[in-house]
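Structure file query_0.pdb (PDB, C-alpha atoms) follows.
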MODEL        1
ATOM      1  CA  MET A   1      32.965  81.568 -35.254
ATOM      2  CA  ILE A   2      31.675  79.144 -32.607
ATOM      3  CA  ASN A   3      35.174  78.952 -31.143
ATOM      4  CA  GLU A   4      35.285  82.746 -30.823
ATOM      5  CA  ILE A   5      31.863  82.745 -29.143
ATOM      6  CA  LYS A   6      33.008  80.044 -26.714
ATOM      7  CA  ALA A   7      36.239  81.915 -25.956
ATOM      8  CA  THR A   8      34.337  85.110 -25.162
ATOM      9  CA  ALA A   9      31.891  83.221 -22.932
ATOM     10  CA  GLU A  10      34.817  81.656 -21.070
ATOM     11  CA  PHE A  11      36.462  85.070 -20.655
ATOM     12  CA  LEU A  12      33.275  86.452 -19.095
ATOM     13  CA  ARG A  13      33.015  83.446 -16.775
ATOM     14  CA  SER A  14      36.554  84.224 -15.635
ATOM     15  CA  LYS A  15      35.274  87.687 -14.697
ATOM     16  CA  GLY A  16      32.631  86.141 -12.446
ATOM     17  CA  ILE A  17      29.711  86.261 -14.898
ATOM     18  CA  THR A  18      28.133  82.863 -14.328
ATOM     19  CA  ASN A  19      24.725  81.398 -15.120
ATOM     20  CA  PRO A  20      22.734  84.522 -16.027
ATOM     21  CA  GLU A  21      19.058  83.677 -16.477
ATOM     22  CA  ILE A  22      17.772  86.691 -18.404
ATOM     23  CA  GLY A  23      19.487  88.777 -21.059
ATOM     24  CA  ILE A  24      18.541  92.432 -21.532
ATOM     25  CA  VAL A  25      19.350  94.784 -24.416
ATOM     26  CA  LEU A  26      18.948  98.480 -23.572
ATOM     27  CA  GLY A  27      18.274 100.738 -26.539
ATOM     28  CA  THR A  28      18.876 104.389 -27.355
ATOM     29  CA  GLY A  29      18.189 106.621 -24.367
ATOM     30  CA  LEU A  30      17.000 103.636 -22.349
ATOM     31  CA  GLY A  31      19.962 102.765 -20.177
ATOM     32  CA  ASN A  32      18.519 103.606 -16.777
ATOM     33  CA  LEU A  33      16.934 100.172 -16.336
ATOM     34  CA  ALA A  34      20.484  99.267 -15.374
ATOM     35  CA  ASP A  35      19.927 101.260 -12.165
ATOM     36  CA  GLU A  36      17.511  98.513 -11.068
ATOM     37  CA  ILE A  37      20.299  95.935 -11.220
ATOM     38  CA  GLU A  38      22.141  94.981  -8.050
ATOM     39  CA  VAL A  39      25.478  94.966  -9.812
ATOM     40  CA  ILE A  40      27.916  92.104  -9.358
ATOM     41  CA  GLN A  41      30.213  92.884 -12.275
ATOM     42  CA  GLU A  42      30.563  95.429 -15.087
ATOM     43  CA  VAL A  43      32.804  94.928 -18.113
ATOM     44  CA  PRO A  44      33.336  97.563 -20.846
ATOM     45  CA  TYR A  45      32.849  96.235 -24.360
ATOM     46  CA  SER A  46      36.372  97.388 -25.171
ATOM     47  CA  ASP A  47      37.706  94.807 -22.679
ATOM     48  CA  ILE A  48      35.705  91.864 -24.024
ATOM     49  CA  PRO A  49      37.262  89.682 -26.749
ATOM     50  CA  GLY A  50      35.083  89.634 -29.847
ATOM     51  CA  PHE A  51      32.986  92.667 -28.835
ATOM     52  CA  PRO A  52      33.462  95.631 -31.176
ATOM     53  CA  GLU A  53      33.812  98.968 -29.422
ATOM     54  CA  ALA A  54      30.550 100.905 -29.422
ATOM     55  CA  THR A  55      30.725 103.993 -31.643
ATOM     56  CA  VAL A  56      27.413 105.700 -30.837
ATOM     57  CA  GLU A  57      28.240 108.462 -28.383
ATOM     58  CA  PHE A  58      25.057 108.124 -26.322
ATOM     59  CA  HIS A  59      25.486 104.370 -25.811
ATOM     60  CA  ALA A  60      27.488 103.418 -22.722
ATOM     61  CA  GLY A  61      29.056 100.283 -24.203
ATOM     62  CA  LYS A  62      29.290  97.955 -21.222
ATOM     63  CA  LEU A  63      27.987  94.611 -20.053
ATOM     64  CA  ILE A  64      26.318  94.624 -16.623
ATOM     65  CA  TYR A  65      25.841  91.440 -14.592
ATOM     66  CA  GLY A  66      23.766  91.342 -11.426
ATOM     67  CA  THR A  67      20.305  90.644 -10.077
ATOM     68  CA  ILE A  68      16.801  92.030 -10.421
ATOM     69  CA  ALA A  69      14.194  90.525  -8.083
ATOM     70  CA  ASP A  70      16.677  87.767  -7.191
ATOM     71  CA  ARG A  71      17.039  86.754 -10.845
ATOM     72  CA  LYS A  72      20.483  86.861 -12.424
ATOM     73  CA  VAL A  73      20.473  89.213 -15.406
ATOM     74  CA  LEU A  74      23.051  90.184 -17.997
ATOM     75  CA  ALA A  75      22.366  93.558 -19.592
ATOM     76  CA  MET A  76      23.868  95.184 -22.651
ATOM     77  CA  LYS A  77      23.985  98.909 -21.946
ATOM     78  CA  GLY A  78      24.357  99.973 -25.546
ATOM     79  CA  ARG A  79      24.004  97.857 -28.684
ATOM     80  CA  TYR A  80      25.548  97.648 -32.134
ATOM     81  CA  HIS A  81      23.803  98.978 -35.242
ATOM     82  CA  PHE A  82      24.090  98.081 -38.913
ATOM     83  CA  TYR A  83      24.536 101.760 -39.819
ATOM     84  CA  GLU A  84      27.726 101.888 -37.746
ATOM     85  CA  GLY A  85      29.336  99.559 -40.270
ATOM     86  CA  TYR A  86      29.150  96.348 -38.247
ATOM     87  CA  SER A  87      28.315  93.057 -39.894
ATOM     88  CA  MET A  88      25.186  91.250 -38.778
ATOM     89  CA  HIS A  89      27.373  88.592 -37.186
ATOM     90  CA  GLN A  90      29.050  91.274 -35.063
ATOM     91  CA  ILE A  91      25.666  92.736 -34.114
ATOM     92  CA  VAL A  92      24.323  89.417 -32.787
ATOM     93  CA  PHE A  93      27.616  88.153 -31.358
ATOM     94  CA  PRO A  94      26.733  89.297 -27.783
ATOM     95  CA  ILE A  95      23.372  87.489 -27.929
ATOM     96  CA  ARG A  96      25.118  84.278 -28.933
ATOM     97  CA  VAL A  97      27.584  84.699 -26.078
ATOM     98  CA  MET A  98      24.674  85.259 -23.659
ATOM     99  CA  LYS A  99      23.173  81.959 -24.826
ATOM    100  CA  LEU A 100      26.361  80.052 -24.058
ATOM    101  CA  LEU A 101      26.481  81.730 -20.647
ATOM    102  CA  GLY A 102      23.017  80.353 -19.901
ATOM    103  CA  ILE A 103      20.260  82.930 -20.531
ATOM    104  CA  GLU A 104      16.765  81.473 -20.904
ATOM    105  CA  ALA A 105      14.924  84.665 -21.939
ATOM    106  CA  LEU A 106      15.772  87.894 -23.741
ATOM    107  CA  LEU A 107      14.189  91.316 -23.126
ATOM    108  CA  ILE A 108      14.854  94.029 -25.709
ATOM    109  CA  SER A 109      14.096  97.749 -25.759
ATOM    110  CA  ASN A 110      14.462 100.312 -28.493
ATOM    111  CA  ALA A 111      13.483 103.806 -29.565
ATOM    112  CA  ALA A 112      11.239 103.887 -32.624
ATOM    113  CA  GLY A 113       9.212 106.256 -34.738
ATOM    114  CA  SER A 114       5.431 105.809 -34.628
ATOM    115  CA  MET A 115       3.696 105.489 -37.985
ATOM    116  CA  ASN A 116       0.369 104.678 -36.337
ATOM    117  CA  LEU A 117      -1.259 108.097 -36.173
ATOM    118  CA  ASP A 118      -3.492 107.048 -33.264
ATOM    119  CA  TRP A 119      -0.438 106.771 -31.026
ATOM    120  CA  LYS A 120       1.615 109.543 -29.442
ATOM    121  CA  LYS A 121       5.304 110.013 -28.799
ATOM    122  CA  GLY A 122       6.289 108.999 -25.297
ATOM    123  CA  GLU A 123       3.975 105.973 -25.369
ATOM    124  CA  LEU A 124       5.116 102.354 -25.521
ATOM    125  CA  MET A 125       4.546  99.651 -28.127
ATOM    126  CA  MET A 126       4.982  95.970 -27.382
ATOM    127  CA  ILE A 127       6.288  94.333 -30.542
ATOM    128  CA  SER A 128       3.964  91.549 -31.689
ATOM    129  CA  ASP A 129       5.791  90.869 -34.954
ATOM    130  CA  HIS A 130       8.354  92.422 -37.270
ATOM    131  CA  ILE A 131       9.232  93.001 -40.915
ATOM    132  CA  ASN A 132      12.924  92.705 -41.654
ATOM    133  CA  LYS A 133      14.175  95.105 -44.335
ATOM    134  CA  PHE A 134      17.894  94.984 -43.589
ATOM    135  CA  PRO A 135      19.929  94.096 -46.706
ATOM    136  CA  ALA A 136      22.037  91.587 -44.732
ATOM    137  CA  HIS A 137      21.044  88.789 -42.389
ATOM    138  CA  ALA A 138      22.348  87.417 -39.080
ATOM    139  CA  LEU A 139      22.056  83.814 -40.290
ATOM    140  CA  ASN A 140      23.820  84.247 -43.644
ATOM    141  CA  GLY A 141      26.632  81.825 -44.316
ATOM    142  CA  ALA A 142      27.320  78.429 -42.825
ATOM    143  CA  ASN A 143      24.906  77.473 -40.048
ATOM    144  CA  ILE A 144      26.361  77.076 -36.548
ATOM    145  CA  GLU A 145      24.770  73.729 -35.709
ATOM    146  CA  GLU A 146      25.649  73.993 -32.020
ATOM    147  CA  LEU A 147      23.418  77.061 -31.772
ATOM    148  CA  GLY A 148      20.386  76.114 -33.852
ATOM    149  CA  THR A 149      18.813  74.660 -36.952
ATOM    150  CA  ARG A 150      19.565  75.827 -40.485
ATOM    151  CA  PHE A 151      15.917  76.848 -41.027
ATOM    152  CA  PRO A 152      14.559  78.309 -37.766
ATOM    153  CA  ASP A 153      10.816  78.813 -37.377
ATOM    154  CA  MET A 154       9.686  82.429 -36.873
ATOM    155  CA  SER A 155       5.943  81.919 -36.411
ATOM    156  CA  GLU A 156       6.240  83.219 -32.844
ATOM    157  CA  ALA A 157       9.255  85.514 -32.936
ATOM    158  CA  TYR A 158       7.928  87.365 -29.866
ATOM    159  CA  ASN A 159       6.843  84.967 -27.132
ATOM    160  CA  LYS A 160       3.066  84.818 -26.608
ATOM    161  CA  GLY A 161       3.397  84.093 -22.909
ATOM    162  CA  PHE A 162       5.614  87.128 -22.348
ATOM    163  CA  ARG A 163       3.215  89.300 -24.331
ATOM    164  CA  SER A 164       0.248  88.097 -22.303
ATOM    165  CA  ALA A 165       2.107  88.830 -19.061
ATOM    166  CA  LEU A 166       3.047  92.321 -20.274
ATOM    167  CA  ARG A 167      -0.599  93.062 -21.103
ATOM    168  CA  GLN A 168      -1.610  92.141 -17.575
ATOM    169  CA  ILE A 169       1.236  94.123 -16.022
ATOM    170  CA  SER A 170       0.465  97.228 -18.085
ATOM    171  CA  SER A 171      -3.190  97.058 -17.047
ATOM    172  CA  ARG A 172      -2.290  96.582 -13.399
ATOM    173  CA  GLU A 173       0.253  99.429 -13.465
ATOM    174  CA  ASN A 174      -2.011 101.725 -15.547
ATOM    175  CA  ILE A 175       0.571 102.010 -18.332
ATOM    176  CA  THR A 176      -0.550 102.517 -21.924
ATOM    177  CA  LEU A 177       0.974  99.677 -23.937
ATOM    178  CA  HIS A 178       0.135  99.444 -27.624
ATOM    179  CA  GLU A 179       0.844  96.343 -29.686
ATOM    180  CA  GLY A 180       2.122  96.445 -33.211
ATOM    181  CA  VAL A 181       4.539  95.526 -35.961
ATOM    182  CA  TYR A 182       8.103  96.841 -35.904
ATOM    183  CA  ILE A 183       9.725  97.393 -39.299
ATOM    184  CA  THR A 184      13.414  98.027 -39.849
ATOM    185  CA  ALA A 185      15.233 100.768 -41.695
ATOM    186  CA  GLN A 186      18.988 100.865 -42.239
ATOM    187  CA  GLY A 187      19.571 104.353 -40.843
ATOM    188  CA  PRO A 188      21.215 106.446 -39.655
ATOM    189  CA  MET A 189      19.037 109.028 -41.414
ATOM    190  CA  LEU A 190      15.373 109.272 -40.534
ATOM    191  CA  GLU A 191      12.843 108.578 -43.266
ATOM    192  CA  THR A 192      11.348 110.819 -45.924
ATOM    193  CA  PRO A 193       7.560 111.312 -46.064
ATOM    194  CA  SER A 194       7.288 108.894 -48.974
ATOM    195  CA  GLU A 195       9.364 106.288 -47.141
ATOM    196  CA  TYR A 196       7.027 106.520 -44.138
ATOM    197  CA  ARG A 197       4.039 105.982 -46.435
ATOM    198  CA  TYR A 198       5.759 102.958 -47.991
ATOM    199  CA  LEU A 199       6.707 101.408 -44.640
ATOM    200  CA  LYS A 200       3.177 101.909 -43.311
ATOM    201  CA  ILE A 201       1.654 100.303 -46.416
ATOM    202  CA  ALA A 202       4.104  97.416 -45.955
ATOM    203  CA  GLY A 203       2.520  96.765 -42.552
ATOM    204  CA  GLY A 204       4.666  98.604 -40.028
ATOM    205  CA  ASP A 205       3.309 100.439 -36.994
ATOM    206  CA  ALA A 206       6.721 101.639 -35.830
ATOM    207  CA  VAL A 207      10.094 101.941 -37.535
ATOM    208  CA  GLY A 208      13.564 101.599 -36.067
ATOM    209  CA  MET A 209      17.164 100.693 -36.813
ATOM    210  CA  SER A 210      17.800  97.741 -34.502
ATOM    211  CA  THR A 211      16.265  94.785 -32.614
ATOM    212  CA  VAL A 212      15.368  92.448 -35.493
ATOM    213  CA  PRO A 213      18.872  90.940 -35.888
ATOM    214  CA  GLU A 214      18.994  90.136 -32.158
ATOM    215  CA  VAL A 215      15.488  88.652 -32.284
ATOM    216  CA  ILE A 216      16.388  86.442 -35.247
ATOM    217  CA  ALA A 217      19.544  85.198 -33.500
ATOM    218  CA  ALA A 218      17.601  84.517 -30.296
ATOM    219  CA  ASN A 219      14.921  82.544 -32.120
ATOM    220  CA  HIS A 220      17.616  80.585 -33.943
ATOM    221  CA  MET A 221      18.946  79.529 -30.530
ATOM    222  CA  GLY A 222      15.538  78.831 -28.984
ATOM    223  CA  ILE A 223      15.528  81.841 -26.639
ATOM    224  CA  PRO A 224      12.052  83.346 -26.025
ATOM    225  CA  VAL A 225      11.912  87.111 -26.603
ATOM    226  CA  ALA A 226       9.898  90.122 -25.445
ATOM    227  CA  ALA A 227      10.539  93.547 -26.974
ATOM    228  CA  ILE A 228       9.159  97.013 -26.301
ATOM    229  CA  SER A 229       9.609 100.174 -28.350
ATOM    230  CA  VAL A 230       9.454 103.647 -26.874
ATOM    231  CA  LEU A 231       7.707 105.766 -29.494
ATOM    232  CA  THR A 232       9.941 108.808 -29.674
ATOM    233  CA  ASP A 233       8.524 110.689 -32.667
ATOM    234  CA  GLU A 234       5.324 110.849 -34.693
ATOM    235  CA  CYS A 235       5.825 109.961 -38.348
ATOM    236  CA  ASP A 236       2.887 111.601 -40.104
ATOM    237  CA  PRO A 237       4.012 111.945 -43.736
ATOM    238  CA  ASP A 238       1.449 114.689 -44.405
ATOM    239  CA  ASN A 239       2.569 116.751 -41.433
ATOM    240  CA  LEU A 240       6.167 115.728 -40.891
ATOM    241  CA  LYS A 241       8.192 117.920 -38.573
ATOM    242  CA  PRO A 242      11.984 117.945 -38.320
ATOM    243  CA  VAL A 243      13.336 115.865 -35.433
ATOM    244  CA  ASN A 244      16.851 115.348 -34.107
ATOM    245  CA  ILE A 245      18.512 112.704 -32.014
ATOM    246  CA  GLU A 246      18.614 114.906 -28.906
ATOM    247  CA  GLU A 247      14.817 115.174 -28.976
ATOM    248  CA  ILE A 248      14.489 111.427 -29.473
ATOM    249  CA  ILE A 249      16.722 110.723 -26.480
ATOM    250  CA  ALA A 250      14.810 113.229 -24.346
ATOM    251  CA  VAL A 251      11.458 111.583 -25.144
ATOM    252  CA  ALA A 252      12.924 108.138 -24.491
ATOM    253  CA  GLY A 253      14.248 109.304 -21.135
ATOM    254  CA  LYS A 254      10.837 110.590 -20.049
ATOM    255  CA  ALA A 255       9.151 107.304 -20.990
ATOM    256  CA  GLU A 256      11.839 105.129 -19.468
ATOM    257  CA  LYS A 257      10.238 104.809 -16.028
ATOM    258  CA  LYS A 258       7.224 103.062 -17.571
ATOM    259  CA  LEU A 259       9.427 100.719 -19.594
ATOM    260  CA  THR A 260      11.494  99.896 -16.527
ATOM    261  CA  THR A 261       8.353  99.048 -14.545
ATOM    262  CA  LEU A 262       7.137  96.683 -17.258
ATOM    263  CA  PHE A 263      10.441  94.833 -17.534
ATOM    264  CA  VAL A 264      11.069  94.607 -13.781
ATOM    265  CA  GLU A 265       7.579  93.256 -13.160
ATOM    266  CA  LEU A 266       7.954  90.783 -16.034
ATOM    267  CA  ILE A 267      11.247  89.550 -14.579
ATOM    268  CA  LYS A 268       9.473  88.940 -11.260
ATOM    269  CA  GLU A 269       6.828  86.872 -13.043
ATOM    270  CA  LEU A 270       9.374  84.780 -14.934
ATOM    271  CA  LYS A 271      10.176  82.867 -11.749
TER     272      LYS A 271
ENDMDL
END

Starting from the coordinates I provided, produce the structure as structure tokens.
Amino acid sequence: MINEIKATAEFLRSKGITNPEIGIVLGTGLGNLADEIEVIQEVPYSDIPGFPEATVEFHAGKLIYGTIADRKVLAMKGRYHFYEGYSMHQIVFPIRVMKLLGIEALLISNAAGSMNLDWKKGELMMISDHINKFPAHALNGANIEELGTRFPDMSEAYNKGFRSALRQISSRENITLHEGVYITAQGPMLETPSEYRYLKIAGGDAVGMSTVPEVIAANHMGIPVAAISVLTDECDPDNLKPVNIEEIIAVAGKAEKKLTTLFVELIKELK
């Protein structure tokens, strides 16, 4: 696998993608942060060796290389999900390639359901920790020693310094930013009332279908991570209303300006 990762990194270098400093993963309905990038190069996933073709129709499926605030960034516009049938190794493959290309930080966004009844849809949650309930794992199998240790520490999966900076930025920009625990679900279906009760009892504040595999891979490789969820629906098991993906994307789109501000300002402070 390491040879495939190296080959893909070399392919992207041949396309002019060199020495990115910050990796970005843009989640469902959250692709417009890419508009802040002064684009140097764009490559569709379908053209990149080792990258599966994205199957989710509302994910663009391309890698964008450029600058934000004079920092070189490499953004995934569209990610891979376990429910699409990809293996965990396929899901984290782009993060591993980003590491070999040179990224020193990873910023992740996602859309998630809020199980904290004090929070409202359209608000943001900075992830302080997670609970991984996927049935497969990104580090299963033989360890890739060139990337990281067999038994990576996860005591600070989400970088404290990044979280502190985001608190200050949100206060300065007058943006409501909750902090909480993100818990995974396999998807693609949304949860039943009883499942929401269970996930809340387990310790989750928000539930989603992504992010944790990428965070585990990043920590394995020593890359500090910040992640923000846009809370797209309210998961009150005693008053659960039907929701569809179009509504989720619409809510994410309305909240995206606030998310973009937080990430752009954080990138400026990472200098």

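What the PyMOL selection byres ((chain A and resi 208-210) around 9) picks from this file is Gly27, Arg79, Tyr80, His81, Phe82, Tyr83, Asn110, Ala111, Ala112, Gly113, Phe134, Tyr182, Ile183, Thr184, Ala185, Gln186, Gly187, Pro188, Ala206, Val207, Thr211, Val212, Pro213, Glu214 and Ser229 of chain A.
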
Note to self: I'd like the interatomic distance between CA of Lys257 (chain A) and CA of Ala227 (chain A), to a tenth of an Å.
What the structure shows: 15.7 Å

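Distance annotation: of A:Tyr198, A:Phe93, A:Phe263, A:Trp119, the residue with the minimal separation from Arg163 (chain A) is A:Phe263; atom set is all atoms listed in the file.
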
Check: Hey, what comes out of the PyMOL selection byres ((chain A and resi 250) around 12) on this file? Could you write it as a list in words?
Finding: Thr28, Gly29, Leu30, Phe58, Ala111, Lys121, Gly122, Val230, Leu231, Thr232, Asp233, Val243, Asn244, Ile245, Glu246, Glu247, Ile248, Ile249, Val251, Ala252, Gly253, Lys254, Ala255 and Glu256 of chain A

Can you sort out the box for region 128-132 of chain A, edges along x, y and z, all listed atoms in, 3 Å on every side, with centre and edge lengths in Å to one decimal, as AutoDock Vina command-line options?
--center_x 8.4 --center_y 91.9 --center_z -36.7 --size_x 15.0 --size_y 8.1 --size_z 16.0

Next item on the list: Please identify all polymer residues within 9 Å of region 235-238 of chain A, counting only C-alpha atoms, omitting same-chain residues fewer than 2 positions from it, and present them as a VMD selection string.
Entry: chain A and resid 113 to 117 191 to 197 206 233 240 to 241

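Once the PyMOL selection byres ((chain A and resi 8-14) around 10) is applied to the depicted file, the selected set reads Ile2, Asn3, Glu4, Ile5, Lys6, Ala7, Lys15, Gly16, Ile17, Thr18, Asn19, Gln41, Val43, Ile48, Pro49, Gly50, Phe51, Leu63, Phe93, Pro94, Arg96, Val97, Met98, Lys99, Leu100, Leu101 and Gly102 of chain A.
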
With C-alpha atoms retained, write the just-selected residues as a PDB file, in the frame of the given file.
ATOM      1  CA  ILE A   2      31.675  79.144 -32.607  1.00  0.00           C
ATOM      2  CA  ASN A   3      35.174  78.952 -31.143  1.00  0.00           C
ATOM      3  CA  GLU A   4      35.285  82.746 -30.823  1.00  0.00           C
ATOM      4  CA  ILE A   5      31.863  82.745 -29.143  1.00  0.00           C
ATOM      5  CA  LYS A   6      33.008  80.044 -26.714  1.00  0.00           C
ATOM      6  CA  ALA A   7      36.239  81.915 -25.956  1.00  0.00           C
ATOM      7  CA  LYS A  15      35.274  87.687 -14.697  1.00  0.00           C
ATOM      8  CA  GLY A  16      32.631  86.141 -12.446  1.00  0.00           C
ATOM      9  CA  ILE A  17      29.711  86.261 -14.898  1.00  0.00           C
ATOM     10  CA  THR A  18      28.133  82.863 -14.328  1.00  0.00           C
ATOM     11  CA  ASN A  19      24.725  81.398 -15.120  1.00  0.00           C
ATOM     12  CA  GLN A  41      30.213  92.884 -12.275  1.00  0.00           C
ATOM     13  CA  VAL A  43      32.804  94.928 -18.113  1.00  0.00           C
ATOM     14  CA  ILE A  48      35.705  91.864 -24.024  1.00  0.00           C
ATOM     15  CA  PRO A  49      37.262  89.682 -26.749  1.00  0.00           C
ATOM     16  CA  GLY A  50      35.083  89.634 -29.847  1.00  0.00           C
ATOM     17  CA  PHE A  51      32.986  92.667 -28.835  1.00  0.00           C
ATOM     18  CA  LEU A  63      27.987  94.611 -20.053  1.00  0.00           C
ATOM     19  CA  PHE A  93      27.616  88.153 -31.358  1.00  0.00           C
ATOM     20  CA  PRO A  94      26.733  89.297 -27.783  1.00  0.00           C
ATOM     21  CA  ARG A  96      25.118  84.278 -28.933  1.00  0.00           C
ATOM     22  CA  VAL A  97      27.584  84.699 -26.078  1.00  0.00           C
ATOM     23  CA  MET A  98      24.674  85.259 -23.659  1.00  0.00           C
ATOM     24  CA  LYS A  99      23.173  81.959 -24.826  1.00  0.00           C
ATOM     25  CA  LEU A 100      26.361  80.052 -24.058  1.00  0.00           C
ATOM     26  CA  LEU A 101      26.481  81.730 -20.647  1.00  0.00           C
ATOM     27  CA  GLY A 102      23.017  80.353 -19.901  1.00  0.00           C
TER      28      GLY A 102
END

Checklist line | Test item: residues at most 7 Å from region 33-36 of chain A, all atoms listed in the file, excluding those fewer than 2 positions along its chain, as a list in words | finding: Leu30, Gly31, Glu38, Ile68 and Thr260 of chain A

Margin query: Between CA of Val181 (chain A) and CA of Glu234 (chain A), what is the distance in Å, rounded to a tenth?
Written below: 15.4 Å

Check: So which residues touch Ile144 (chain A) within 10 Å, counting only C-alpha atoms, skipping near sequence neighbours fewer than 5 positions away, as a count of residues only?
Finding: 7

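When CA of Pro242 (chain A) is paired with CA of Lys77 (chain A), their separation reads 27.8 Å.
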
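Of the residues listed (A:Ser109, A:Ser87, A:Ser128, A:Ser46), A:Ser128 shows the shortest atom-to-atom separation from Gly204 (chain A); distances use all atoms listed in the file.
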
I'd like the neighbourhood of Phe162 (chain A) as a CSV table (one decimal) with C-alpha atoms, in the frame of the given file, where a residue qualifies if any of its atoms comes within 8 Å (using all atoms listed in the file), though same-chain residues fewer than 4 positions away should be ignored.
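Written out: result32.csv:
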chain,number,residue,atom,x,y,z
A,158,TYR,CA,7.9,87.4,-29.9
A,166,LEU,CA,3.0,92.3,-20.3
A,225,VAL,CA,11.9,87.1,-26.6
A,226,ALA,CA,9.9,90.1,-25.4
A,266,LEU,CA,8.0,90.8,-16.0
